[in-house]
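**Q** So I've got this file, my_file.cif, and it contains mmCIF, C-alpha atoms:
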data_data
loop_
_atom_site.group_PDB
_atom_site.id
_atom_site.type_symbol
_atom_site.label_atom_id
_atom_site.label_comp_id
_atom_site.auth_asym_id
_atom_site.auth_seq_id
_atom_site.Cartn_x
_atom_site.Cartn_y
_atom_site.Cartn_z
ATOM 1 C CA MET A 1 -90.364 34.535 -99.983
ATOM 2 C CA LEU A 2 -90.483 30.753 -100.315
ATOM 3 C CA ASP A 3 -87.771 28.721 -98.593
ATOM 4 C CA GLN A 4 -85.423 26.655 -100.803
ATOM 5 C CA ASP A 5 -85.496 23.858 -98.239
ATOM 6 C CA CYS A 6 -89.188 23.407 -99.007
ATOM 7 C CA VAL A 7 -88.826 22.917 -102.746
ATOM 8 C CA ALA A 8 -90.908 19.925 -103.954
ATOM 9 C CA ALA A 9 -93.167 19.923 -100.903
ATOM 10 C CA LEU A 10 -96.122 20.382 -103.228
ATOM 11 C CA ARG A 11 -95.004 18.085 -106.027
ATOM 12 C CA TYR A 12 -97.507 16.045 -107.909
ATOM 13 C CA ALA A 13 -98.491 13.396 -105.394
ATOM 14 C CA GLY A 14 -99.655 10.485 -107.508
ATOM 15 C CA PRO A 15 -102.730 9.748 -109.633
ATOM 16 C CA GLY A 16 -105.830 11.582 -108.512
ATOM 17 C CA SER A 17 -104.054 14.471 -106.795
ATOM 18 C CA GLU A 18 -104.634 16.831 -109.704
ATOM 19 C CA ARG A 19 -108.304 15.869 -109.895
ATOM 20 C CA GLU A 20 -108.579 16.261 -106.131
ATOM 21 C CA TRP A 21 -107.246 19.797 -106.279
ATOM 22 C CA TYR A 22 -109.685 20.801 -109.009
ATOM 23 C CA ALA A 23 -112.518 19.308 -106.962
ATOM 24 C CA ARG A 24 -111.506 21.289 -103.880
ATOM 25 C CA LEU A 25 -111.253 24.467 -105.964
ATOM 26 C CA HIS A 26 -114.798 23.967 -107.235
ATOM 27 C CA LEU A 27 -115.960 23.355 -103.671
ATOM 28 C CA HIS A 28 -114.311 26.597 -102.521
ATOM 29 C CA LEU A 29 -115.942 28.522 -105.359
ATOM 30 C CA ALA A 30 -119.350 26.949 -104.749
ATOM 31 C CA VAL A 31 -119.316 27.967 -101.084
ATOM 32 C CA ALA A 32 -118.084 31.434 -102.077
ATOM 33 C CA SER A 33 -120.722 32.040 -104.754
ATOM 34 C CA ILE A 34 -123.855 30.497 -103.238
ATOM 35 C CA PRO A 35 -124.619 33.351 -100.763
ATOM 36 C CA VAL A 36 -124.784 36.045 -103.431
ATOM 37 C CA LEU A 37 -126.470 33.830 -106.039
ATOM 38 C CA ALA A 38 -129.038 32.796 -103.435
ATOM 39 C CA ILE A 39 -130.262 36.396 -103.264
ATOM 40 C CA SER A 40 -131.020 36.287 -106.982
ATOM 41 C CA ALA A 41 -132.752 32.919 -106.512
ATOM 42 C CA HIS A 42 -134.847 34.471 -103.744
ATOM 43 C CA VAL A 43 -135.813 37.446 -105.906
ATOM 44 C CA PHE A 44 -136.594 35.535 -109.104
ATOM 45 C CA MET A 45 -137.761 32.138 -107.868
ATOM 46 C CA SER A 46 -138.960 32.890 -104.328
ATOM 47 C CA VAL A 47 -136.425 30.425 -102.917
ATOM 48 C CA SER A 48 -135.834 31.430 -99.306
ATOM 49 C CA LEU A 49 -132.302 31.965 -98.101
ATOM 50 C CA ARG A 50 -133.207 29.680 -95.210
ATOM 51 C CA SER A 51 -133.775 26.780 -97.613
ATOM 52 C CA VAL A 52 -130.532 27.490 -99.462
ATOM 53 C CA GLY A 53 -128.584 27.976 -96.249
ATOM 54 C CA LEU A 54 -129.770 24.830 -94.479
ATOM 55 C CA GLY A 55 -130.136 22.580 -97.492
ATOM 56 C CA VAL A 56 -127.129 23.560 -99.595
ATOM 57 C CA LEU A 57 -124.715 26.062 -98.054
ATOM 58 C CA LEU A 58 -124.228 24.552 -94.591
ATOM 59 C CA PRO A 59 -123.580 20.982 -95.848
ATOM 60 C CA LEU A 60 -121.054 22.260 -98.412
ATOM 61 C CA LEU A 61 -119.431 24.493 -95.797
ATOM 62 C CA ALA A 62 -119.087 21.545 -93.411
ATOM 63 C CA LEU A 63 -117.552 19.451 -96.200
ATOM 64 C CA LEU A 64 -115.113 22.245 -97.077
ATOM 65 C CA ALA A 65 -114.110 22.736 -93.440
ATOM 66 C CA ALA A 66 -113.445 19.013 -93.053
ATOM 67 C CA LEU A 67 -111.383 18.963 -96.253
ATOM 68 C CA VAL A 68 -109.277 21.961 -95.234
ATOM 69 C CA VAL A 69 -108.595 20.441 -91.799
ATOM 70 C CA VAL A 70 -107.966 16.842 -92.879
ATOM 71 C CA ARG A 71 -106.205 17.496 -96.202
ATOM 72 C CA PRO A 72 -104.920 21.088 -96.143
ATOM 73 C CA HIS A 73 -103.283 22.521 -99.221
ATOM 74 C CA ALA A 74 -101.057 25.578 -99.467
ATOM 75 C CA SER A 75 -103.359 27.122 -102.077
ATOM 76 C CA ASP A 76 -106.046 27.378 -99.387
ATOM 77 C CA ARG A 77 -104.039 30.300 -98.039
ATOM 78 C CA VAL A 78 -104.716 32.318 -101.190
ATOM 79 C CA LEU A 79 -108.464 31.890 -100.737
ATOM 80 C CA LEU A 80 -108.314 32.551 -96.991
ATOM 81 C CA ALA A 81 -106.479 35.814 -97.701
ATOM 82 C CA GLY A 82 -109.214 36.674 -100.185
ATOM 83 C CA PHE A 83 -111.927 35.975 -97.635
ATOM 84 C CA LEU A 84 -110.270 38.175 -94.993
ATOM 85 C CA TRP A 85 -109.650 41.028 -97.420
ATOM 86 C CA GLY A 86 -113.281 40.689 -98.484
ATOM 87 C CA LEU A 87 -114.355 41.432 -94.909
ATOM 88 C CA VAL A 88 -112.131 44.514 -94.863
ATOM 89 C CA ALA A 89 -113.463 45.653 -98.250
ATOM 90 C CA CYS A 90 -117.064 45.139 -97.116
ATOM 91 C CA ALA A 91 -116.376 47.262 -94.029
ATOM 92 C CA GLY A 92 -114.968 49.974 -96.302
ATOM 93 C CA TYR A 93 -118.121 49.805 -98.414
ATOM 94 C CA ASP A 94 -120.305 50.151 -95.312
ATOM 95 C CA ALA A 95 -118.271 53.118 -94.097
ATOM 96 C CA VAL A 96 -119.579 54.876 -97.212
ATOM 97 C CA ARG A 97 -123.049 53.294 -97.352
ATOM 98 C CA LEU A 98 -124.331 53.373 -93.769
ATOM 99 C CA PRO A 99 -124.231 57.176 -93.318
ATOM 100 C CA THR A 100 -126.280 57.548 -96.503
ATOM 101 C CA VAL A 101 -128.865 55.117 -95.077
ATOM 102 C CA TYR A 102 -129.135 56.161 -91.427
ATOM 103 C CA ALA A 103 -127.892 59.760 -91.389
ATOM 104 C CA PHE A 104 -129.166 61.107 -94.716
ATOM 105 C CA HIS A 105 -132.004 58.599 -95.362
ATOM 106 C CA TRP A 106 -131.298 58.505 -99.084
ATOM 107 C CA TRP A 107 -132.251 54.797 -99.293
ATOM 108 C CA HIS A 108 -133.170 51.973 -96.955
ATOM 109 C CA ASP A 109 -131.186 49.083 -95.501
ATOM 110 C CA PHE A 110 -132.486 45.879 -97.088
ATOM 111 C CA PHE A 111 -130.231 43.508 -95.127
ATOM 112 C CA GLY A 112 -132.864 43.136 -92.439
ATOM 113 C CA ALA A 113 -135.061 41.499 -95.078
ATOM 114 C CA VAL A 114 -132.118 39.361 -96.205
ATOM 115 C CA GLY A 115 -131.680 38.125 -92.644
ATOM 116 C CA GLY A 116 -135.420 37.551 -92.372
ATOM 117 C CA SER A 117 -135.360 35.325 -95.432
ATOM 118 C CA ALA A 118 -132.439 33.403 -93.937
ATOM 119 C CA THR A 119 -134.201 32.849 -90.604
ATOM 120 C CA GLY A 120 -137.796 32.518 -91.763
ATOM 121 C CA THR A 121 -138.821 35.745 -90.026
ATOM 122 C CA ARG A 122 -139.842 39.161 -91.278
ATOM 123 C CA SER A 123 -136.540 40.881 -90.484
ATOM 124 C CA ASN A 124 -133.220 40.017 -88.829
ATOM 125 C CA PHE A 125 -130.397 42.507 -89.188
ATOM 126 C CA ILE A 126 -127.824 40.418 -87.297
ATOM 127 C CA VAL A 127 -128.172 37.449 -89.625
ATOM 128 C CA GLY A 128 -128.536 39.780 -92.598
ATOM 129 C CA TYR A 129 -125.185 41.397 -91.900
ATOM 130 C CA LEU A 130 -123.527 38.051 -91.228
ATOM 131 C CA TRP A 131 -124.786 37.000 -94.643
ATOM 132 C CA ARG A 132 -123.487 40.262 -96.119
ATOM 133 C CA TYR A 133 -120.002 40.022 -94.632
ATOM 134 C CA LEU A 134 -119.254 36.300 -94.408
ATOM 135 C CA GLY A 135 -121.232 35.307 -97.477
ATOM 136 C CA ASP A 136 -121.372 38.157 -99.974
ATOM 137 C CA GLY A 137 -118.336 40.242 -99.027
ATOM 138 C CA GLY A 138 -116.025 37.337 -98.227
ATOM 139 C CA GLY A 139 -117.309 35.017 -100.937
ATOM 140 C CA ILE A 140 -117.052 37.545 -103.767
ATOM 141 C CA ALA A 141 -113.474 38.235 -102.697
ATOM 142 C CA VAL A 142 -112.553 34.530 -102.693
ATOM 143 C CA ALA A 143 -113.609 34.297 -106.345
ATOM 144 C CA PHE A 144 -111.584 37.417 -107.203
ATOM 145 C CA PHE A 145 -108.424 36.097 -105.538
ATOM 146 C CA ALA A 146 -108.779 32.777 -107.378
ATOM 147 C CA LEU A 147 -109.186 34.596 -110.694
ATOM 148 C CA ALA A 148 -106.317 37.010 -110.048
ATOM 149 C CA ALA A 149 -103.962 34.184 -109.032
ATOM 150 C CA THR A 150 -104.876 32.243 -112.160
ATOM 151 C CA LEU A 151 -104.176 35.282 -114.360
ATOM 152 C CA GLY A 152 -100.778 35.814 -112.741
ATOM 153 C CA ALA A 153 -101.617 39.142 -111.105
ATOM 154 C CA GLN A 154 -98.431 38.986 -109.008
ATOM 155 C CA ALA A 155 -96.662 40.517 -112.014
ATOM 156 C CA TRP A 156 -99.057 43.466 -112.189
ATOM 157 C CA SER A 157 -98.319 46.870 -110.702
ATOM 158 C CA ARG A 158 -100.260 48.070 -107.678
ATOM 159 C CA ARG A 159 -102.248 50.488 -109.850
ATOM 160 C CA ILE A 160 -103.273 47.755 -112.314
ATOM 161 C CA THR A 161 -104.168 45.337 -109.517
ATOM 162 C CA VAL A 162 -106.365 47.906 -107.782
ATOM 163 C CA LEU A 163 -107.978 48.760 -111.120
ATOM 164 C CA ALA A 164 -108.685 45.064 -111.705
ATOM 165 C CA GLY A 165 -110.424 44.896 -108.320
ATOM 166 C CA VAL A 166 -112.540 47.932 -109.196
ATOM 167 C CA VAL A 167 -113.524 46.518 -112.586
ATOM 168 C CA TYR A 168 -114.480 43.191 -110.977
ATOM 169 C CA ALA A 169 -116.565 44.942 -108.303
ATOM 170 C CA VAL A 170 -118.448 46.959 -110.934
ATOM 171 C CA CYS A 171 -118.904 44.192 -113.489
ATOM 172 C CA PRO A 172 -120.026 41.545 -112.772
ATOM 173 C CA VAL A 173 -120.808 42.274 -109.097
ATOM 174 C CA TRP A 174 -122.553 45.672 -109.157
ATOM 175 C CA THR A 175 -124.067 45.017 -112.579
ATOM 176 C CA GLY A 176 -125.531 41.758 -111.315
ATOM 177 C CA LEU A 177 -127.000 43.500 -108.278
ATOM 178 C CA ILE A 178 -128.684 46.184 -110.382
ATOM 179 C CA LEU A 179 -130.035 43.696 -112.910
ATOM 180 C CA THR A 180 -131.401 41.551 -110.075
ATOM 181 C CA ASP A 181 -133.213 44.568 -108.646
ATOM 182 C CA ALA A 182 -134.352 45.955 -111.992
ATOM 183 C CA LEU A 183 -135.730 42.655 -113.318
ATOM 184 C CA ALA A 184 -137.339 41.447 -110.082
ATOM 185 C CA PRO A 185 -140.782 40.010 -110.925
ATOM 186 C CA ARG A 186 -142.392 41.700 -107.936
ATOM 187 C CA GLY A 187 -140.781 45.082 -108.425
ATOM 188 C CA ARG A 188 -137.781 46.588 -106.639
ATOM 189 C CA GLU A 189 -137.176 44.041 -103.909
ATOM 190 C CA LEU A 190 -133.760 45.322 -102.810
ATOM 191 C CA PHE A 191 -133.909 49.118 -103.134
ATOM 192 C CA PRO A 192 -135.618 51.681 -105.396
ATOM 193 C CA LEU A 193 -133.605 52.453 -108.503
ATOM 194 C CA SER A 194 -132.930 56.136 -109.043
ATOM 195 C CA PRO A 195 -129.955 58.271 -110.079
ATOM 196 C CA ALA A 196 -129.128 58.689 -106.382
ATOM 197 C CA THR A 197 -129.245 54.988 -105.452
ATOM 198 C CA LEU A 198 -127.372 54.020 -108.618
ATOM 199 C CA ALA A 199 -124.614 56.516 -107.788
ATOM 200 C CA LEU A 200 -124.479 55.468 -104.125
ATOM 201 C CA SER A 201 -124.387 51.750 -104.860
ATOM 202 C CA VAL A 202 -121.739 52.002 -107.558
ATOM 203 C CA GLY A 203 -119.695 54.279 -105.289
ATOM 204 C CA GLY A 204 -119.729 51.651 -102.561
ATOM 205 C CA HIS A 205 -118.648 48.989 -105.028
ATOM 206 C CA LEU A 206 -115.802 51.191 -106.225
ATOM 207 C CA VAL A 207 -114.544 51.369 -102.639
ATOM 208 C CA TYR A 208 -115.001 47.620 -102.181
ATOM 209 C CA GLY A 209 -113.146 46.848 -105.409
ATOM 210 C CA ALA A 210 -110.272 49.223 -104.672
ATOM 211 C CA ILE A 211 -109.688 47.641 -101.263
ATOM 212 C CA LEU A 212 -109.968 44.169 -102.790
ATOM 213 C CA GLY A 213 -107.404 44.951 -105.470
ATOM 214 C CA PHE A 214 -105.057 46.481 -102.913
ATOM 215 C CA GLY A 215 -105.519 43.403 -100.731
ATOM 216 C CA TYR A 216 -104.458 41.118 -103.555
ATOM 217 C CA TRP A 217 -101.440 43.291 -104.248
ATOM 218 C CA LYS A 218 -100.436 43.027 -100.587
ATOM 219 C CA SER A 219 -100.975 39.237 -100.677
ATOM 220 C CA ARG A 220 -99.428 38.666 -104.106
ATOM 221 C CA ARG A 221 -96.554 36.451 -102.879
ATOM 222 C CA LEU A 222 -99.102 33.778 -102.000
ATOM 223 C CA GLU A 223 -99.626 33.343 -105.732
ATOM 224 C CA ALA A 224 -96.491 31.163 -105.793
ATOM 225 C CA VAL A 225 -98.523 28.278 -104.348
ATOM 226 C CA TRP A 226 -101.446 28.592 -106.788
ATOM 227 C CA PRO A 227 -101.471 25.643 -109.232
ATOM 228 C CA LEU A 228 -103.227 27.426 -112.106
ATOM 229 C CA ARG A 229 -101.116 30.545 -112.192
ATOM 230 C CA ARG A 230 -100.003 31.634 -115.632
ATOM 231 C CA GLY A 231 -96.675 30.071 -116.552
ATOM 232 C CA ALA A 232 -96.966 27.311 -113.933
ATOM 233 C CA PRO A 233 -95.941 23.754 -114.864
ATOM 234 C CA ARG A 234 -98.605 21.736 -116.609
ATOM 235 C CA LYS A 235 -99.000 19.450 -113.629
ATOM 236 C CA PRO A 236 -99.947 21.779 -110.785
ATOM 237 C CA TRP A 237 -97.507 20.387 -108.216
ATOM 238 C CA ALA A 238 -94.466 19.742 -110.405
ATOM 239 C CA GLY A 239 -91.430 21.799 -109.471
ATOM 240 C CA TRP A 240 -93.180 24.040 -106.957
ATOM 241 C CA GLY A 241 -91.649 25.697 -103.982
ATOM 242 C CA ALA A 242 -93.809 25.354 -100.895
ATOM 243 C CA LEU A 243 -94.584 26.943 -97.608
ATOM 244 C CA PRO A 244 -92.722 25.731 -94.511
ATOM 245 C CA GLY A 245 -94.413 22.828 -92.772
ATOM 246 C CA MET A 246 -96.213 21.456 -95.848
ATOM 247 C CA SER A 247 -93.614 18.827 -96.783
ATOM 248 C CA TYR A 248 -94.558 16.542 -93.891
ATOM 249 C CA LEU A 249 -98.201 16.522 -94.977
ATOM 250 C CA LEU A 250 -97.438 15.696 -98.589
ATOM 251 C CA GLN A 251 -94.888 13.042 -97.746
ATOM 252 C CA ASN A 252 -97.583 11.271 -95.780
ATOM 253 C CA ASN A 253 -100.128 11.650 -98.588
ATOM 254 C CA SER A 254 -97.892 10.459 -101.409
#
Please go through the file and, once you have read it, give me the structure as structure tokens.

**A**
Amino acid sequence: MLDQDCVAALRYAGPGSEREWYARLHLHLAVASIPVLAISAHVFMSVSLRSVGLGVLLPLLALLAALVVVRPHASDRVLLAGFLWGLVACAGYDAVRLPTVYAFHWWHDFFGAVGGSATGTRSNFIVGYLWRYLGDGGGIAVAFFALAATLGAQAWSRRITVLAGVVYAVCPVWTGLILTDALAPRGRELFPLSPATLALSVGGHLVYGAILGFGYWKSRRLEAVWPLRRGAPRKPWAGWGALPGMSYLLQNNS
């Protein structure tokens, strides 16, 4: 619950503040989306994840980190919650997926190859799983939390919010994965497509999406500090309540 003493801590802070917030949102979304889109670029255009990581992702990540530290904004907390719930959701997905890979041998684990592309080697499972969790799992969740906050998901029931997470995880996320694999110029570069692998992969995404939707429902009060939420004032900071401790920052930036 937001404190009444903090009302107006996030008020519109002069010309340029609105543009600045939109710029930081686009930066957040760029960092969140590049890891998963880079896999498609690798499959279709033979662009190595190493090139994307060193040339694009790391510089943008450094810029985002500096921005969050130097000019923090309460809405960053929505996206941080999304990132953390994305890690939890990815772990839930792997709790379903890994036994089917290593115990039942129904398909192979392609994240070694992902890590190899990121390091310029043939295979690297450590880097591959860092890419999976921090990049794909966390980044996909950041985009979902931004979308849900914008749509005003705080007003939705738990069932609807979880369903929204499932739908998001299936389309566009799972659909994009399958299309990337199916249309790969050099054949199935991620995993062989069969009724079994289709069922296993969509099952994992159902788990991921359900956890993601539940995570947003648990974090829904953070939506109060999201500028684009449905029904918010036209100027993102006008008339907002704010989180404790933010008023000092904004007073010094006004």

**Q** What residues come out when you apply the PyMOL selection byres ((chain A and resi 147) around 12) to this file, written as a ChimeraX atom specification?

**A** /A:25,29,78-79,82,140-146,148-154,161,164-165,168,213,216,223,226-230

**Q** Hey, can you spit out that residue selection with C-alpha atoms as an mmCIF file, keeping the file's coordinate frame?

**A**
data_model
loop_
_atom_site.group_PDB
_atom_site.id
_atom_site.type_symbol
_atom_site.label_atom_id
_atom_site.label_comp_id
_atom_site.auth_asym_id
_atom_site.auth_seq_id
_atom_site.Cartn_x
_atom_site.Cartn_y
_atom_site.Cartn_z
ATOM 1 C CA LEU A 25 -111.253 24.467 -105.964
ATOM 2 C CA LEU A 29 -115.942 28.522 -105.359
ATOM 3 C CA VAL A 78 -104.716 32.318 -101.190
ATOM 4 C CA LEU A 79 -108.464 31.890 -100.737
ATOM 5 C CA GLY A 82 -109.214 36.674 -100.185
ATOM 6 C CA ILE A 140 -117.052 37.545 -103.767
ATOM 7 C CA ALA A 141 -113.474 38.235 -102.697
ATOM 8 C CA VAL A 142 -112.553 34.530 -102.693
ATOM 9 C CA ALA A 143 -113.609 34.297 -106.345
ATOM 10 C CA PHE A 144 -111.584 37.417 -107.203
ATOM 11 C CA PHE A 145 -108.424 36.097 -105.538
ATOM 12 C CA ALA A 146 -108.779 32.777 -107.378
ATOM 13 C CA ALA A 148 -106.317 37.010 -110.048
ATOM 14 C CA ALA A 149 -103.962 34.184 -109.032
ATOM 15 C CA THR A 150 -104.876 32.243 -112.160
ATOM 16 C CA LEU A 151 -104.176 35.282 -114.360
ATOM 17 C CA GLY A 152 -100.778 35.814 -112.741
ATOM 18 C CA ALA A 153 -101.617 39.142 -111.105
ATOM 19 C CA GLN A 154 -98.431 38.986 -109.008
ATOM 20 C CA THR A 161 -104.168 45.337 -109.517
ATOM 21 C CA ALA A 164 -108.685 45.064 -111.705
ATOM 22 C CA GLY A 165 -110.424 44.896 -108.320
ATOM 23 C CA TYR A 168 -114.480 43.191 -110.977
ATOM 24 C CA GLY A 213 -107.404 44.951 -105.470
ATOM 25 C CA TYR A 216 -104.458 41.118 -103.555
ATOM 26 C CA GLU A 223 -99.626 33.343 -105.732
ATOM 27 C CA TRP A 226 -101.446 28.592 -106.788
ATOM 28 C CA PRO A 227 -101.471 25.643 -109.232
ATOM 29 C CA LEU A 228 -103.227 27.426 -112.106
ATOM 30 C CA ARG A 229 -101.116 30.545 -112.192
ATOM 31 C CA ARG A 230 -100.003 31.634 -115.632
#

**Q** Would you translate the PyMOL selection byres ((chain A and resi 125) around 8) into the concrete set of residues it matches in this file, as a ChimeraX atom specification?

**A** /A:111-116,123-124,126-129

**Q** Please work out which residues fall within 9 Å of (-128.3, 37.0, -99.5), coordinates as given in the file, with only C-alpha atoms counting, and return them as an mmCIF file with C-alpha atoms, in the coordinates of the input.

**A**
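This is the output file selection.cif:
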data_model
loop_
_atom_site.group_PDB
_atom_site.id
_atom_site.type_symbol
_atom_site.label_atom_id
_atom_site.label_comp_id
_atom_site.auth_asym_id
_atom_site.auth_seq_id
_atom_site.Cartn_x
_atom_site.Cartn_y
_atom_site.Cartn_z
ATOM 1 C CA ILE A 34 -123.855 30.497 -103.238
ATOM 2 C CA PRO A 35 -124.619 33.351 -100.763
ATOM 3 C CA VAL A 36 -124.784 36.045 -103.431
ATOM 4 C CA LEU A 37 -126.470 33.830 -106.039
ATOM 5 C CA ALA A 38 -129.038 32.796 -103.435
ATOM 6 C CA ILE A 39 -130.262 36.396 -103.264
ATOM 7 C CA SER A 40 -131.020 36.287 -106.982
ATOM 8 C CA HIS A 42 -134.847 34.471 -103.744
ATOM 9 C CA LEU A 49 -132.302 31.965 -98.101
ATOM 10 C CA PHE A 111 -130.231 43.508 -95.127
ATOM 11 C CA VAL A 114 -132.118 39.361 -96.205
ATOM 12 C CA GLY A 115 -131.680 38.125 -92.644
ATOM 13 C CA SER A 117 -135.360 35.325 -95.432
ATOM 14 C CA ALA A 118 -132.439 33.403 -93.937
ATOM 15 C CA GLY A 128 -128.536 39.780 -92.598
ATOM 16 C CA TRP A 131 -124.786 37.000 -94.643
ATOM 17 C CA ARG A 132 -123.487 40.262 -96.119
ATOM 18 C CA GLY A 135 -121.232 35.307 -97.477
ATOM 19 C CA ASP A 136 -121.372 38.157 -99.974
#

**Q** With all atoms listed in the file as the basis for distance, which of A:Trp156, A:Tyr133, A:Phe110, A:Phe191 is at the shortest distance from A:Arg220?

**A**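 Checking each candidate against A:Arg220, we get A:Trp156 as the closest.
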
**Q** If we count only C-alpha atoms, what is near A:Pro185 at a cut-off of 9 Å, once residues fewer than 3 positions away on the same chain are taken out, given as a PDB file with C-alpha atoms, in the coordinates of the input?

**A**
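Writing done, so here's out18.pdb:
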ATOM      1  CA  VAL A  43    -135.813  37.446-105.906  1.00  0.00           C
ATOM      2  CA  PHE A  44    -136.594  35.535-109.104  1.00  0.00           C
ATOM      3  CA  MET A  45    -137.761  32.138-107.868  1.00  0.00           C
ATOM      4  CA  ALA A 182    -134.352  45.955-111.992  1.00  0.00           C
ATOM      5  CA  ARG A 188    -137.781  46.588-106.639  1.00  0.00           C
ATOM      6  CA  GLU A 189    -137.176  44.041-103.909  1.00  0.00           C
TER       7      GLU A 189
END

**Q** Between atom CA of A:His108 and atom CA of A:Ser201, what distance in Å does the model show, to one decimal?

**A**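 Between atom CA of A:His108 and atom CA of A:Ser201 the gap works out to 11.8 Å.
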
**Q** Padding 8 Å on every side, please: axis-aligned box over the listed atoms of stretch 197-202 of chain A, centre and edge lengths to one decimal in Å, as JSON.

**A**
{"center_x": -125.5, "center_y": 54.1, "center_z": -106.4, "size_x": 23.5, "size_y": 20.8, "size_z": 20.5}

**Q** What gap, in Å, lies between atom CA of A:Ser17 and atom CA of A:Arg77?

**A**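 The value is 18.1 Å.
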
**Q** Can you measure atom CA of A:Trp85 to atom CA of A:Val162 for me? One decimal in Å is fine.

**A**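 Calculated distance between atom CA of A:Trp85 and atom CA of A:Val162 is 12.9 Å.
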
**Q** Tell me which of A:Ala196, A:Val202, A:Val173, A:Leu80 sits closest to A:Leu134, counting all atoms listed in the file.

**A**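 For A:Leu134, the nearest of the candidates is A:Leu80.
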
**Q** Might you pull out every residue within 10 Å of A:Thr100, with all atoms listed in the file counted and same-chain residues fewer than 5 positions away left off, and present them as a tab-separated table (two decimals) with C-alpha atoms, in the frame of the given file?

**A**
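Produced file out10.tsv, reproduced below:
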chain	number	residue	atom	x	y	z
A	94	ASP	CA	-120.30	50.15	-95.31
A	95	ALA	CA	-118.27	53.12	-94.10
A	105	HIS	CA	-132.00	58.60	-95.36
A	106	TRP	CA	-131.30	58.50	-99.08
A	107	TRP	CA	-132.25	54.80	-99.29
A	108	HIS	CA	-133.17	51.97	-96.96
A	109	ASP	CA	-131.19	49.08	-95.50
A	197	THR	CA	-129.24	54.99	-105.45
A	200	LEU	CA	-124.48	55.47	-104.12

**Q** So which residues are close to (-112.6, 43.9, -93.8), meaning at most 10 Å away in the file's coordinates with all atoms listed in the file counted, and can you show them as a ChimeraX atom specification?

**A** /A:83-93,133,137-138,208,211-212,215

**Q** So, counting only C-alpha atoms, which residue among A:Leu27, A:Val101, A:Ala74, A:Ala41 is closest to A:Ala62?

**A**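 That would be A:Leu27, the residue with the smallest distance to A:Ala62.
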
**Q** Reconstruct N, CA and C atoms of stretch 193-205 of chain A; output as a PDB file, in the coordinates of the input.

**A**
ATOM      1  N   LEU A 193    -134.634  52.003-107.574  1.00  0.00           N
ATOM      2  CA  LEU A 193    -133.605  52.453-108.503  1.00  0.00           C
ATOM      3  C   LEU A 193    -133.870  53.898-108.908  1.00  0.00           C
ATOM      4  N   SER A 194    -132.867  54.714-108.704  1.00  0.00           N
ATOM      5  CA  SER A 194    -132.930  56.136-109.043  1.00  0.00           C
ATOM      6  C   SER A 194    -131.509  56.600-109.308  1.00  0.00           C
ATOM      7  N   PRO A 195    -131.321  57.778-109.893  1.00  0.00           N
ATOM      8  CA  PRO A 195    -129.955  58.271-110.079  1.00  0.00           C
ATOM      9  C   PRO A 195    -129.162  58.289-108.779  1.00  0.00           C
ATOM     10  N   ALA A 196    -129.830  58.623-107.665  1.00  0.00           N
ATOM     11  CA  ALA A 196    -129.128  58.689-106.382  1.00  0.00           C
ATOM     12  C   ALA A 196    -128.689  57.306-105.921  1.00  0.00           C
ATOM     13  N   THR A 197    -129.610  56.322-105.940  1.00  0.00           N
ATOM     14  CA  THR A 197    -129.245  54.988-105.452  1.00  0.00           C
ATOM     15  C   THR A 197    -128.250  54.307-106.391  1.00  0.00           C
ATOM     16  N   LEU A 198    -128.351  54.573-107.693  1.00  0.00           N
ATOM     17  CA  LEU A 198    -127.372  54.020-108.618  1.00  0.00           C
ATOM     18  C   LEU A 198    -125.984  54.579-108.315  1.00  0.00           C
ATOM     19  N   ALA A 199    -125.906  55.889-108.089  1.00  0.00           N
ATOM     20  CA  ALA A 199    -124.614  56.516-107.788  1.00  0.00           C
ATOM     21  C   ALA A 199    -124.067  56.023-106.459  1.00  0.00           C
ATOM     22  N   LEU A 200    -124.932  55.905-105.445  1.00  0.00           N
ATOM     23  CA  LEU A 200    -124.479  55.468-104.125  1.00  0.00           C
ATOM     24  C   LEU A 200    -124.009  54.021-104.156  1.00  0.00           C
ATOM     25  N   SER A 201    -124.756  53.162-104.838  1.00  0.00           N
ATOM     26  CA  SER A 201    -124.387  51.750-104.860  1.00  0.00           C
ATOM     27  C   SER A 201    -123.104  51.519-105.657  1.00  0.00           C
ATOM     28  N   VAL A 202    -122.967  52.193-106.794  1.00  0.00           N
ATOM     29  CA  VAL A 202    -121.739  52.002-107.558  1.00  0.00           C
ATOM     30  C   VAL A 202    -120.549  52.606-106.812  1.00  0.00           C
ATOM     31  N   GLY A 203    -120.773  53.697-106.082  1.00  0.00           N
ATOM     32  CA  GLY A 203    -119.695  54.279-105.289  1.00  0.00           C
ATOM     33  C   GLY A 203    -119.196  53.319-104.226  1.00  0.00           C
ATOM     34  N   GLY A 204    -120.132  52.638-103.548  1.00  0.00           N
ATOM     35  CA  GLY A 204    -119.729  51.651-102.561  1.00  0.00           C
ATOM     36  C   GLY A 204    -118.957  50.505-103.179  1.00  0.00           C
ATOM     37  N   HIS A 205    -119.365  50.073-104.366  1.00  0.00           N
ATOM     38  CA  HIS A 205    -118.648  48.989-105.028  1.00  0.00           C
ATOM     39  C   HIS A 205    -117.273  49.431-105.520  1.00  0.00           C
TER      40      HIS A 205
END
